[in-house]
>>> print(open('coords31.cif').read())   # mmCIF, C-alpha atoms
data_start
#
loop_
_atom_site.label_atom_id
_atom_site.label_comp_id
_atom_site.auth_asym_id
_atom_site.auth_seq_id
_atom_site.Cartn_x
_atom_site.Cartn_y
_atom_site.Cartn_z
CA MET H 1 11.21 -1.86 20.70
CA LYS H 2 7.44 -2.34 20.69
CA LEU H 3 5.48 -3.10 17.52
CA SER H 4 1.82 -2.18 17.02
CA VAL H 5 -0.02 -4.26 14.39
CA ILE H 6 -3.25 -2.62 13.25
CA ILE H 7 -5.88 -4.80 11.56
CA PRO H 8 -9.03 -3.00 10.36
CA ILE H 9 -12.08 -5.29 10.19
CA TYR H 10 -15.09 -4.99 7.93
CA ASN H 11 -17.08 -7.88 6.41
CA THR H 12 -14.18 -10.32 6.82
CA ALA H 13 -15.58 -12.85 9.30
CA SER H 14 -14.60 -15.68 6.94
CA THR H 15 -10.91 -14.67 6.79
CA LEU H 16 -10.27 -12.89 10.09
CA ARG H 17 -9.13 -15.93 12.08
CA GLN H 18 -6.43 -16.99 9.61
CA CYS H 19 -5.28 -13.39 9.32
CA VAL H 20 -4.96 -12.87 13.08
CA GLU H 21 -3.36 -16.27 13.65
CA SER H 22 -0.68 -15.45 11.06
CA VAL H 23 0.20 -12.48 13.27
CA THR H 24 -0.03 -14.27 16.63
CA ARG H 25 2.35 -16.96 15.29
CA GLN H 26 5.05 -14.29 15.28
CA SER H 27 7.30 -14.93 18.26
CA VAL H 28 7.48 -11.23 19.18
CA GLU H 29 6.32 -10.73 22.75
CA ASN H 30 6.71 -6.96 22.74
CA MET H 31 3.85 -6.54 20.28
CA GLU H 32 0.26 -5.39 20.44
CA ILE H 33 -2.37 -6.41 17.91
CA ILE H 34 -5.17 -3.88 17.55
CA LEU H 35 -8.28 -5.23 15.83
CA VAL H 36 -10.35 -2.25 14.70
CA ASP H 37 -13.97 -3.30 14.22
CA ASP H 38 -15.35 -0.82 11.70
CA ALA H 39 -18.97 -1.72 12.65
CA SER H 40 -18.71 -4.90 10.59
CA PRO H 41 -22.23 -6.29 9.94
CA ASP H 42 -21.16 -9.92 9.43
CA GLY H 43 -20.18 -10.86 12.98
CA ALA H 44 -16.46 -10.20 12.50
CA GLY H 45 -16.48 -7.95 15.56
CA ARG H 46 -17.73 -10.79 17.78
CA LEU H 47 -15.06 -13.08 16.37
CA ALA H 48 -12.47 -10.40 17.13
CA GLU H 49 -13.56 -10.39 20.78
CA GLU H 50 -13.23 -14.20 20.88
CA LEU H 51 -9.74 -14.03 19.39
CA ALA H 52 -8.74 -11.42 21.96
CA GLN H 53 -9.41 -14.00 24.68
CA THR H 54 -6.81 -16.34 23.19
CA ASP H 55 -3.78 -14.03 23.17
CA LYS H 56 -2.93 -11.27 25.63
CA ARG H 57 -1.34 -9.24 22.83
CA ILE H 58 -4.73 -8.71 21.14
CA ARG H 59 -7.18 -5.95 21.94
CA VAL H 60 -10.32 -4.84 20.11
CA LEU H 61 -11.30 -1.28 19.26
CA SER H 62 -14.87 -0.71 18.02
CA ILE H 63 -15.73 2.40 16.00
CA PRO H 64 -18.74 3.61 13.96
CA HIS H 65 -18.44 2.57 10.32
CA SER H 66 -15.95 5.04 8.81
CA GLY H 67 -13.99 3.16 6.12
CA LEU H 68 -10.49 1.73 5.91
CA SER H 69 -8.56 4.99 6.31
CA GLU H 70 -10.37 6.06 9.46
CA ALA H 71 -10.12 2.55 10.91
CA ARG H 72 -6.35 2.69 10.43
CA ASN H 73 -6.21 6.20 11.89
CA ALA H 74 -8.21 5.07 14.93
CA GLY H 75 -5.78 2.20 15.43
CA ILE H 76 -2.83 4.58 15.16
CA ARG H 77 -4.31 6.81 17.88
CA GLU H 78 -4.64 3.80 20.19
CA ALA H 79 -1.23 2.33 19.37
CA THR H 80 1.50 2.45 21.99
CA GLY H 81 4.37 1.01 19.93
CA GLU H 82 7.37 2.86 18.56
CA LEU H 83 6.77 0.98 15.31
CA ILE H 84 3.48 0.55 13.43
CA THR H 85 2.44 -1.85 10.69
CA PHE H 86 -0.86 -2.76 9.03
CA VAL H 87 -2.43 -6.03 7.93
CA ASP H 88 -5.71 -6.16 6.02
CA SER H 89 -8.09 -8.65 7.60
CA ASP H 90 -8.41 -10.78 4.47
CA ASP H 91 -4.62 -11.17 4.12
CA GLU H 92 -1.84 -12.95 6.02
CA ILE H 93 1.85 -12.60 6.80
CA ALA H 94 4.53 -15.27 6.68
CA ASP H 95 5.68 -16.90 9.92
CA GLN H 96 8.55 -15.68 12.08
CA GLN H 97 9.47 -12.48 10.27
CA PHE H 98 8.75 -9.67 12.72
CA ASP H 99 11.60 -10.67 15.06
CA PHE H 100 14.07 -10.20 12.23
CA PHE H 101 12.56 -6.88 11.15
CA LEU H 102 12.61 -5.46 14.68
CA SER H 103 16.25 -6.46 15.04
CA LEU H 104 17.05 -4.39 11.95
CA PHE H 105 15.50 -1.29 13.49
CA ASP H 106 17.63 -1.88 16.59
CA SER H 107 20.92 -2.92 15.03
CA HIS H 108 21.23 -1.40 11.56
CA LYS H 109 24.14 1.01 11.43
CA GLN H 110 21.94 3.69 9.87
CA HIS H 111 18.58 5.00 11.02
CA ILE H 112 15.52 3.32 9.46
CA ASP H 113 12.20 5.18 9.20
CA ILE H 114 10.36 2.69 6.99
CA LEU H 115 11.09 -0.97 6.37
CA GLU H 116 9.53 -2.64 3.33
CA TYR H 117 9.39 -6.38 2.68
CA PRO H 118 8.13 -8.58 -0.20
CA ALA H 119 4.44 -8.90 -1.06
CA LYS H 120 2.86 -11.77 -2.95
CA ARG H 121 -0.62 -12.05 -4.45
CA ASP H 122 -2.70 -15.19 -4.98
CA CYS H 123 -2.41 -14.84 -8.75
CA GLY H 124 1.38 -14.87 -8.49
CA TRP H 125 1.94 -11.17 -9.09
CA GLY H 126 3.52 -9.17 -6.32
CA TYR H 127 6.55 -7.20 -5.24
CA LEU H 128 9.83 -9.06 -4.88
CA PRO H 129 12.85 -6.87 -4.07
CA LYS H 130 16.29 -7.59 -5.42
CA LYS H 131 18.17 -10.50 -3.90
CA THR H 132 20.16 -8.19 -1.65
CA ALA H 133 18.72 -5.74 0.85
CA ALA H 134 18.88 -2.05 -0.01
CA TYR H 135 19.03 1.14 2.04
CA PHE H 136 17.81 4.47 0.64
CA THR H 137 18.50 7.83 2.23
CA THR H 138 15.61 9.59 0.47
CA PRO H 139 12.14 8.47 -0.65
CA ALA H 140 12.99 9.76 -4.15
CA GLN H 141 15.96 7.40 -4.37
CA TYR H 142 13.78 4.51 -3.19
CA TRP H 143 10.97 5.46 -5.62
CA LEU H 144 13.25 5.51 -8.64
CA GLN H 145 15.37 2.45 -7.92
CA THR H 146 12.53 0.13 -6.84
CA ARG H 147 9.84 1.57 -9.18
CA GLY H 148 7.85 2.52 -6.11
CA TRP H 149 4.68 3.34 -8.05
CA GLU H 150 4.29 -0.40 -8.68
CA HIS H 151 4.06 -1.31 -4.98
CA CYS H 152 2.36 1.57 -3.17
CA TYR H 153 1.11 -0.63 -0.35
CA ALA H 154 0.95 0.36 3.30
CA CYS H 155 0.64 -3.23 4.50
CA ASN H 156 4.07 -4.60 3.56
CA LYS H 157 5.84 -1.85 5.47
CA ILE H 158 6.76 -1.08 9.06
CA PHE H 159 6.75 2.62 9.96
CA ARG H 160 8.26 4.55 12.83
CA ARG H 161 5.50 6.04 14.94
CA GLU H 162 6.79 9.60 14.42
CA ILE H 163 5.67 9.53 10.78
CA PHE H 164 2.05 9.45 11.94
CA ASP H 165 2.56 12.43 14.21
CA GLN H 166 2.46 14.48 11.01
CA GLU H 167 0.61 12.25 8.54
CA LYS H 168 -2.60 10.21 8.51
CA PHE H 169 -4.62 8.28 5.96
CA LEU H 170 -7.04 10.46 4.03
CA ALA H 171 -10.66 9.49 4.66
CA ASN H 172 -13.43 8.91 2.12
CA ILE H 173 -11.18 8.12 -0.82
CA HIS H 174 -10.17 5.02 -2.74
CA PHE H 175 -6.60 3.85 -3.34
CA GLU H 176 -5.65 5.45 -0.02
CA ASP H 177 -2.27 3.70 0.06
CA VAL H 178 -1.18 5.38 -3.19
CA GLU H 179 -2.31 8.77 -1.88
CA PHE H 180 -0.48 8.25 1.41
CA MET H 181 2.78 7.02 -0.11
CA SER H 182 2.81 9.85 -2.67
CA ARG H 183 2.79 12.35 0.23
CA LEU H 184 5.84 10.74 1.80
CA LEU H 185 7.98 11.38 -1.27
CA THR H 186 8.86 14.87 -0.07
CA LYS H 187 9.70 13.83 3.50
CA PRO H 188 13.24 13.30 4.89
CA LEU H 189 12.90 9.55 5.43
CA ASN H 190 15.33 6.62 5.28
CA ILE H 191 13.87 3.44 3.77
CA PHE H 192 15.23 -0.09 4.13
CA VAL H 193 14.04 -2.74 1.67
CA SER H 194 14.40 -6.31 2.90
CA GLN H 195 14.49 -9.36 0.67
CA ARG H 196 13.24 -11.50 3.57
CA GLY H 197 9.69 -12.01 4.80
CA GLN H 198 6.42 -11.99 2.90
CA TYR H 199 3.06 -10.24 2.99
CA LEU H 200 0.42 -12.59 1.53
CA TYR H 201 -2.18 -10.56 -0.34
CA HIS H 202 -5.34 -12.59 -1.00
CA ASP H 203 -7.29 -11.49 -4.05
CA ASN H 204 -10.69 -10.03 -3.09
CA PRO H 205 -13.26 -9.97 -5.92
CA ASN H 206 -15.22 -7.32 -3.99
CA GLY H 207 -12.17 -5.08 -3.51
CA ILE H 208 -11.68 -1.70 -5.13
CA THR H 209 -9.12 -3.06 -7.62
CA HIS H 210 -11.79 -5.26 -9.20
CA ARG H 211 -14.78 -2.94 -9.01
CA ALA H 212 -13.18 0.45 -9.62
CA ASP H 213 -15.30 2.75 -11.78
CA ALA H 214 -14.22 5.86 -13.68
CA ASN H 215 -14.40 8.08 -10.59
CA ASP H 216 -12.24 5.66 -8.60
CA LEU H 217 -9.74 5.51 -11.45
CA LYS H 218 -9.62 9.32 -11.55
CA GLN H 219 -8.56 9.29 -7.90
CA LEU H 220 -5.88 6.73 -8.70
CA TYR H 221 -4.75 8.96 -11.58
CA GLU H 222 -4.60 12.01 -9.31
CA TRP H 223 -2.42 10.30 -6.68
CA ASN H 224 -0.08 8.92 -9.35
CA LEU H 225 0.12 12.29 -11.08
CA ARG H 226 1.08 13.94 -7.78
CA ALA H 227 3.97 11.51 -7.39
CA TYR H 228 4.97 11.83 -11.05
CA ASN H 229 5.11 15.62 -10.80
CA ILE H 230 7.56 15.24 -7.90
CA ILE H 231 9.70 12.58 -9.62
CA PRO H 232 8.93 12.30 -13.36
CA THR H 233 10.09 9.14 -15.11
CA ALA H 234 9.22 7.43 -18.40
CA ALA H 235 8.27 4.21 -16.63
CA HIS H 236 5.83 5.94 -14.27
CA PHE H 237 4.42 7.93 -17.21
CA GLU H 238 3.53 4.58 -18.79
CA GLN H 239 1.45 3.67 -15.73
CA ILE H 240 -0.25 7.08 -15.75
CA LEU H 241 -1.03 6.67 -19.44
CA ASN H 242 -2.56 3.24 -18.78
CA ILE H 243 -4.81 4.65 -16.05
CA ALA H 244 -5.91 7.48 -18.38
CA LEU H 245 -6.74 4.92 -21.09
CA ASP H 246 -8.80 2.91 -18.60
CA ILE H 247 -10.70 6.06 -17.59
CA PHE H 248 -11.60 6.70 -21.22
CA ARG H 249 -12.65 3.08 -21.69
CA ALA H 250 -14.89 3.29 -18.60
CA SER H 251 -16.43 6.71 -19.19
CA GLY H 252 -15.37 8.25 -22.50
CA GLU H 253 -13.63 11.05 -20.62
CA LEU H 254 -10.30 12.35 -21.88
CA ILE H 255 -7.95 13.08 -18.97
CA GLU H 256 -5.26 15.70 -19.40
CA LEU H 257 -1.85 14.02 -19.55
CA PRO H 258 1.46 15.47 -18.37
CA GLU H 259 3.06 17.60 -21.10
CA LYS H 260 6.36 15.72 -21.25
CA ARG H 261 6.43 12.89 -23.79
CA TYR H 262 8.64 9.82 -23.98
CA CYS H 263 9.61 7.32 -26.66
CA ARG H 264 10.46 4.28 -24.56
CA THR H 265 7.54 1.93 -25.35
CA ILE H 266 5.22 1.13 -28.25
CA LYS H 267 2.33 2.78 -26.41
CA GLN H 268 4.34 5.97 -25.89
CA LEU H 269 5.34 5.99 -29.56
CA LEU H 270 1.70 5.55 -30.58
CA LEU H 271 0.72 8.42 -28.28
CA ASN H 272 3.22 10.68 -30.03
CA ALA H 273 2.11 9.56 -33.50
CA LEU H 274 -1.67 9.40 -33.06
CA GLY H 275 -2.41 11.81 -30.23
CA PHE H 276 -4.17 10.89 -27.02
CA LYS H 277 -7.76 10.86 -28.31
CA ARG H 278 -7.05 8.51 -31.20
CA LEU H 279 -4.95 6.28 -28.95
CA CYS H 280 -7.87 6.11 -26.50
CA LYS H 281 -10.23 5.01 -29.26
CA LEU H 282 -7.77 2.41 -30.50
CA HIS H 283 -7.24 1.09 -26.98
CA LYS H 284 -11.00 0.85 -26.37
CA ALA H 285 -11.52 -1.00 -29.65
CA ILE H 286 -8.83 -3.54 -28.82
CA ILE H 287 -9.63 -4.06 -25.12
CA LYS H 288 -13.32 -4.83 -24.72
#
>>> encode(input="coords31.cif", output="structure tokens")
Amino acid sequence: MKLSVIIPIYNTASTLRQCVESVTRQSVENMEIILVDDASPDGAGRLAEELAQTDKRIRVLSIPHSGLSEARNAGIREATGELITFVDSDDEIADQQFDFFLSLFDSHKQHIDILEYPAKRDCGWGYLPKKTAAYFTTPAQYWLQTRGWEHCYACNKIFRREIFDQEKFLANIHFEDVEFMSRLLTKPLNIFVSQRGQYLYHDNPNGITHRADANDLKQLYEWNLRAYNIIPTAAHFEQILNIALDIFRASGELIELPEKRYCRTIKQLLLNALGFKRLCKLHKAIIK
């Protein structure tokens, strides 16, 4: 079973080599590595061409600057594997994990559409599944039992190619992974969560997480609200409330919350007692 690894490149000349080498250290021979040069102005495209000379599994695709989503979509169109995964060009993956993951797609007694594995960030935060692997027969089951809204990443997952026959990453938006994963919640997909392997997410001070403004946060709120409306839970409501509070702190705008209220946390209790506007003002006064 062939694996296509898609690595979009933009302004990551300083990290590209270690990223690509973490992939080439995988012992999988039946793998292609597609480096998508998104018209990077820092010479990363030239480095990609050099790296392609060192490993026959690597090829370079150059496109006009279009953003992360379109770079991924371009890589998907060029991919020839039955399985597709993504690695951001400032991140890495742990050694010798793809062989094990591919064997699961081949040998697991039940069909797997998406395989997810642990993710770790520089600061220590990340996504660590339970000590035993888990198999979910619906995205809703996966979303609820693993608190999927907390790890809406595309990069720590391996997807069957057929998923992208119907879906693609939405262009010209931020938090595209959250938008994409929220769309999959209504699809008939089987998801396997592995406790083995690791995606190494390196903190980027220039990334959207650090520099998100009110408009970016409103997109994040919209994608989370879409998922919440499909599968409402108190825990996900807490995350939606936090995003809404951050939007008010950034812009003074009051976002309309879902009607359903919960009493599971102090913040939810304060929302019920004070109302959203007064809670926003209190939150802004405390968090400066």
>>> closest_residue(input="coords31.cif", among="H:Glu78, H:Glu238, H:Glu259, H:Asp99", to="Arg147 (chain H)", atoms="all atoms listed in the file")
H:Glu238
>>> residues_around(input="coords31.cif", residues="region 23-35 of chain H", least_positions_apart="2", cutoff="8 Å", atoms="all atoms listed in the file", output="PyMOL selection string")
chain H and resi 1-9+19-21+37+48+55+57-61+75+79+81+92-93+95-99
>>> atom_distance(input="coords31.cif", atom1="CA of Asn172 (chain H)", atom2="CA of Asp88 (chain H)")
17.4 Å
>>> resolve_selection(input="coords31.cif", expression="the PyMOL selection byres ((chain H and resi 136) around 6)", output="list in words")
Tyr135, Thr137, Thr138, Tyr142, Asn190 and Ile191 of chain H
>>> atom_distance(input="coords31.cif", atom1="CA of Ala273 (chain H)", atom2="CA of Ala212 (chain H)")
29.8 Å
>>> residues_around(input="coords31.cif", residues="Pro232 (chain H)", least_positions_apart="5", cutoff="10 Å", atoms="all atoms listed in the file", output="ChimeraX atom specification")
/H:144,225-227,237,258,260
>>> residues_around(input="coords31.cif", residues="Gly148 (chain H)", least_positions_apart="6", cutoff="12 Å", atoms="only C-alpha atoms", output="MDAnalysis selection string")
chainID H and resid 116 127:129 139:142 154 177:178 181:182 184:185 191 193 224 227:228 231 233 235:236 239
>>> write_last_selection(input="coords31.cif", atoms="C-alpha atoms", output="mmCIF file, in the frame of the given file")
data_model
loop_
_atom_site.group_PDB
_atom_site.id
_atom_site.type_symbol
_atom_site.label_atom_id
_atom_site.label_comp_id
_atom_site.auth_asym_id
_atom_site.auth_seq_id
_atom_site.Cartn_x
_atom_site.Cartn_y
_atom_site.Cartn_z
ATOM 1 C CA GLU H 116 9.530 -2.640 3.330
ATOM 2 C CA TYR H 127 6.550 -7.200 -5.240
ATOM 3 C CA LEU H 128 9.830 -9.060 -4.880
ATOM 4 C CA PRO H 129 12.850 -6.870 -4.070
ATOM 5 C CA PRO H 139 12.140 8.470 -0.650
ATOM 6 C CA ALA H 140 12.990 9.760 -4.150
ATOM 7 C CA GLN H 141 15.960 7.400 -4.370
ATOM 8 C CA TYR H 142 13.780 4.510 -3.190
ATOM 9 C CA ALA H 154 0.950 0.360 3.300
ATOM 10 C CA ASP H 177 -2.270 3.700 0.060
ATOM 11 C CA VAL H 178 -1.180 5.380 -3.190
ATOM 12 C CA MET H 181 2.780 7.020 -0.110
ATOM 13 C CA SER H 182 2.810 9.850 -2.670
ATOM 14 C CA LEU H 184 5.840 10.740 1.800
ATOM 15 C CA LEU H 185 7.980 11.380 -1.270
ATOM 16 C CA ILE H 191 13.870 3.440 3.770
ATOM 17 C CA VAL H 193 14.040 -2.740 1.670
ATOM 18 C CA ASN H 224 -0.080 8.920 -9.350
ATOM 19 C CA ALA H 227 3.970 11.510 -7.390
ATOM 20 C CA TYR H 228 4.970 11.830 -11.050
ATOM 21 C CA ILE H 231 9.700 12.580 -9.620
ATOM 22 C CA THR H 233 10.090 9.140 -15.110
ATOM 23 C CA ALA H 235 8.270 4.210 -16.630
ATOM 24 C CA HIS H 236 5.830 5.940 -14.270
ATOM 25 C CA GLN H 239 1.450 3.670 -15.730
#
>>> resolve_selection(input="coords31.cif", expression="the PyMOL selection byres ((chain H and resi 167) around 10)", output="number ranges by chain")
H: 73, 162-166, 168-170, 180, 183-184
>>> atom_distance(input="coords31.cif", atom1="CA of Asp246 (chain H)", atom2="CA of Gly67 (chain H)")
25.3 Å
>>> closest_residue(input="coords31.cif", among="H:Ala74, H:Leu257, H:Ala94, H:Ala250", to="Glu222 (chain H)", atoms="only C-alpha atoms")
H:Leu257
>>> closest_residue(input="coords31.cif", among="H:Ser103, H:Thr186, H:Asn156, H:Asn215", to="Trp143 (chain H)", atoms="all atoms listed in the file")
H:Thr186
>>> resolve_selection(input="coords31.cif", expression="the PyMOL selection byres ((chain H and resi 201) around 7)", output="PyMOL selection string")
chain H and resi 91-92+119-122+199-200+202-203
>>> closest_residue(input="coords31.cif", among="H:Gln53, H:Trp223, H:Lys267, H:Ile114", to="Lys187 (chain H)", atoms="all atoms listed in the file")
H:Ile114
>>> residues_around(input="coords31.cif", residues="Tyr262 (chain H)", least_positions_apart="6", cutoff="8 Å", atoms="only C-alpha atoms", output="short mmCIF file (atom, residue, chain, number, x, y, z; two decimals) with C-alpha atoms, keeping the file's coordinate frame")
data_model
loop_
_atom_site.label_atom_id
_atom_site.label_comp_id
_atom_site.auth_asym_id
_atom_site.auth_seq_id
_atom_site.Cartn_x
_atom_site.Cartn_y
_atom_site.Cartn_z
CA ALA H 234 9.22 7.43 -18.40
CA GLN H 268 4.34 5.97 -25.89
CA LEU H 269 5.34 5.99 -29.56
#
>>> closest_residue(input="coords31.cif", among="H:Gln198, H:Gln219, H:Thr146, H:Thr54", to="Pro118 (chain H)", atoms="all atoms listed in the file")
H:Gln198
>>> build_atoms(input="coords31.cif", residues="region 77-87 of chain H", atoms="all heavy atoms", output="PDB file, keeping the file's coordinate frame")
ATOM      1  N   ARG H  77      -4.114   6.011  16.657  1.00  0.00           N
ATOM      2  CA  ARG H  77      -4.310   6.810  17.880  1.00  0.00           C
ATOM      3  C   ARG H  77      -4.243   5.948  19.129  1.00  0.00           C
ATOM      4  O   ARG H  77      -3.799   6.414  20.183  1.00  0.00           O
ATOM      5  CB  ARG H  77      -5.662   7.539  17.803  1.00  0.00           C
ATOM      6  CG  ARG H  77      -5.695   8.685  16.805  1.00  0.00           C
ATOM      7  CD  ARG H  77      -6.941   9.534  16.980  1.00  0.00           C
ATOM      8  NE  ARG H  77      -8.166   8.809  16.637  1.00  0.00           N
ATOM      9  CZ  ARG H  77      -8.709   8.768  15.422  1.00  0.00           C
ATOM     10  NH1 ARG H  77      -8.123   9.412  14.415  1.00  0.00           N
ATOM     11  NH2 ARG H  77      -9.821   8.106  15.203  1.00  0.00           N
ATOM     12  N   GLU H  78      -4.660   4.701  19.034  1.00  0.00           N
ATOM     13  CA  GLU H  78      -4.640   3.800  20.190  1.00  0.00           C
ATOM     14  C   GLU H  78      -3.300   3.095  20.374  1.00  0.00           C
ATOM     15  O   GLU H  78      -3.024   2.541  21.438  1.00  0.00           O
ATOM     16  CB  GLU H  78      -5.745   2.737  20.037  1.00  0.00           C
ATOM     17  CG  GLU H  78      -7.151   3.270  20.160  1.00  0.00           C
ATOM     18  CD  GLU H  78      -7.458   3.740  21.568  1.00  0.00           C
ATOM     19  OE1 GLU H  78      -7.115   3.022  22.531  1.00  0.00           O
ATOM     20  OE2 GLU H  78      -8.028   4.839  21.705  1.00  0.00           O
ATOM     21  N   ALA H  79      -2.475   3.100  19.346  1.00  0.00           N
ATOM     22  CA  ALA H  79      -1.230   2.330  19.370  1.00  0.00           C
ATOM     23  C   ALA H  79      -0.241   2.910  20.381  1.00  0.00           C
ATOM     24  O   ALA H  79      -0.132   4.131  20.539  1.00  0.00           O
ATOM     25  CB  ALA H  79      -0.609   2.302  17.980  1.00  0.00           C
ATOM     26  N   THR H  80       0.493   2.024  21.015  1.00  0.00           N
ATOM     27  CA  THR H  80       1.500   2.450  21.990  1.00  0.00           C
ATOM     28  C   THR H  80       2.922   2.069  21.558  1.00  0.00           C
ATOM     29  O   THR H  80       3.875   2.329  22.280  1.00  0.00           O
ATOM     30  CB  THR H  80       1.218   1.827  23.368  1.00  0.00           C
ATOM     31  OG1 THR H  80       1.260   0.396  23.255  1.00  0.00           O
ATOM     32  CG2 THR H  80      -0.148   2.254  23.892  1.00  0.00           C
ATOM     33  N   GLY H  81       3.062   1.450  20.391  1.00  0.00           N
ATOM     34  CA  GLY H  81       4.370   1.010  19.930  1.00  0.00           C
ATOM     35  C   GLY H  81       5.178   2.113  19.280  1.00  0.00           C
ATOM     36  O   GLY H  81       4.617   3.083  18.757  1.00  0.00           O
ATOM     37  N   GLU H  82       6.491   1.943  19.293  1.00  0.00           N
ATOM     38  CA  GLU H  82       7.370   2.860  18.560  1.00  0.00           C
ATOM     39  C   GLU H  82       7.342   2.594  17.063  1.00  0.00           C
ATOM     40  O   GLU H  82       7.715   3.446  16.261  1.00  0.00           O
ATOM     41  CB  GLU H  82       8.816   2.734  19.038  1.00  0.00           C
ATOM     42  CG  GLU H  82       9.021   3.050  20.508  1.00  0.00           C
ATOM     43  CD  GLU H  82       9.123   1.798  21.360  1.00  0.00           C
ATOM     44  OE1 GLU H  82       8.288   0.880  21.206  1.00  0.00           O
ATOM     45  OE2 GLU H  82      10.049   1.744  22.181  1.00  0.00           O
ATOM     46  N   LEU H  83       6.891   1.382  16.706  1.00  0.00           N
ATOM     47  CA  LEU H  83       6.770   0.980  15.310  1.00  0.00           C
ATOM     48  C   LEU H  83       5.334   0.565  15.028  1.00  0.00           C
ATOM     49  O   LEU H  83       4.665  -0.017  15.898  1.00  0.00           O
ATOM     50  CB  LEU H  83       7.708  -0.193  15.001  1.00  0.00           C
ATOM     51  CG  LEU H  83       9.196   0.032  15.258  1.00  0.00           C
ATOM     52  CD1 LEU H  83       9.966  -1.267  15.092  1.00  0.00           C
ATOM     53  CD2 LEU H  83       9.749   1.097  14.307  1.00  0.00           C
ATOM     54  N   ILE H  84       4.869   0.845  13.805  1.00  0.00           N
ATOM     55  CA  ILE H  84       3.480   0.550  13.430  1.00  0.00           C
ATOM     56  C   ILE H  84       3.472  -0.146  12.076  1.00  0.00           C
ATOM     57  O   ILE H  84       4.174   0.270  11.147  1.00  0.00           O
ATOM     58  CB  ILE H  84       2.632   1.835  13.374  1.00  0.00           C
ATOM     59  CG1 ILE H  84       2.453   2.417  14.771  1.00  0.00           C
ATOM     60  CG2 ILE H  84       1.263   1.566  12.738  1.00  0.00           C
ATOM     61  CD1 ILE H  84       1.691   3.727  14.818  1.00  0.00           C
ATOM     62  N   THR H  85       2.662  -1.207  11.985  1.00  0.00           N
ATOM     63  CA  THR H  85       2.440  -1.850  10.690  1.00  0.00           C
ATOM     64  C   THR H  85       0.956  -2.177  10.559  1.00  0.00           C
ATOM     65  O   THR H  85       0.203  -2.147  11.543  1.00  0.00           O
ATOM     66  CB  THR H  85       3.316  -3.111  10.540  1.00  0.00           C
ATOM     67  OG1 THR H  85       3.290  -3.543   9.183  1.00  0.00           O
ATOM     68  CG2 THR H  85       2.829  -4.246  11.437  1.00  0.00           C
ATOM     69  N   PHE H  86       0.545  -2.509   9.336  1.00  0.00           N
ATOM     70  CA  PHE H  86      -0.860  -2.760   9.030  1.00  0.00           C
ATOM     71  C   PHE H  86      -0.995  -4.107   8.329  1.00  0.00           C
ATOM     72  O   PHE H  86      -0.150  -4.491   7.524  1.00  0.00           O
ATOM     73  CB  PHE H  86      -1.431  -1.669   8.130  1.00  0.00           C
ATOM     74  CG  PHE H  86      -1.230  -0.277   8.667  1.00  0.00           C
ATOM     75  CD1 PHE H  86      -0.122   0.471   8.289  1.00  0.00           C
ATOM     76  CD2 PHE H  86      -2.128   0.272   9.568  1.00  0.00           C
ATOM     77  CE1 PHE H  86       0.083   1.745   8.790  1.00  0.00           C
ATOM     78  CE2 PHE H  86      -1.930   1.543  10.085  1.00  0.00           C
ATOM     79  CZ  PHE H  86      -0.823   2.284   9.690  1.00  0.00           C
ATOM     80  N   VAL H  87      -2.075  -4.803   8.647  1.00  0.00           N
ATOM     81  CA  VAL H  87      -2.430  -6.030   7.930  1.00  0.00           C
ATOM     82  C   VAL H  87      -3.916  -5.935   7.618  1.00  0.00           C
ATOM     83  O   VAL H  87      -4.728  -5.682   8.519  1.00  0.00           O
ATOM     84  CB  VAL H  87      -2.139  -7.292   8.767  1.00  0.00           C
ATOM     85  CG1 VAL H  87      -2.516  -8.549   7.971  1.00  0.00           C
ATOM     86  CG2 VAL H  87      -0.679  -7.353   9.187  1.00  0.00           C
TER      87      VAL H  87
END
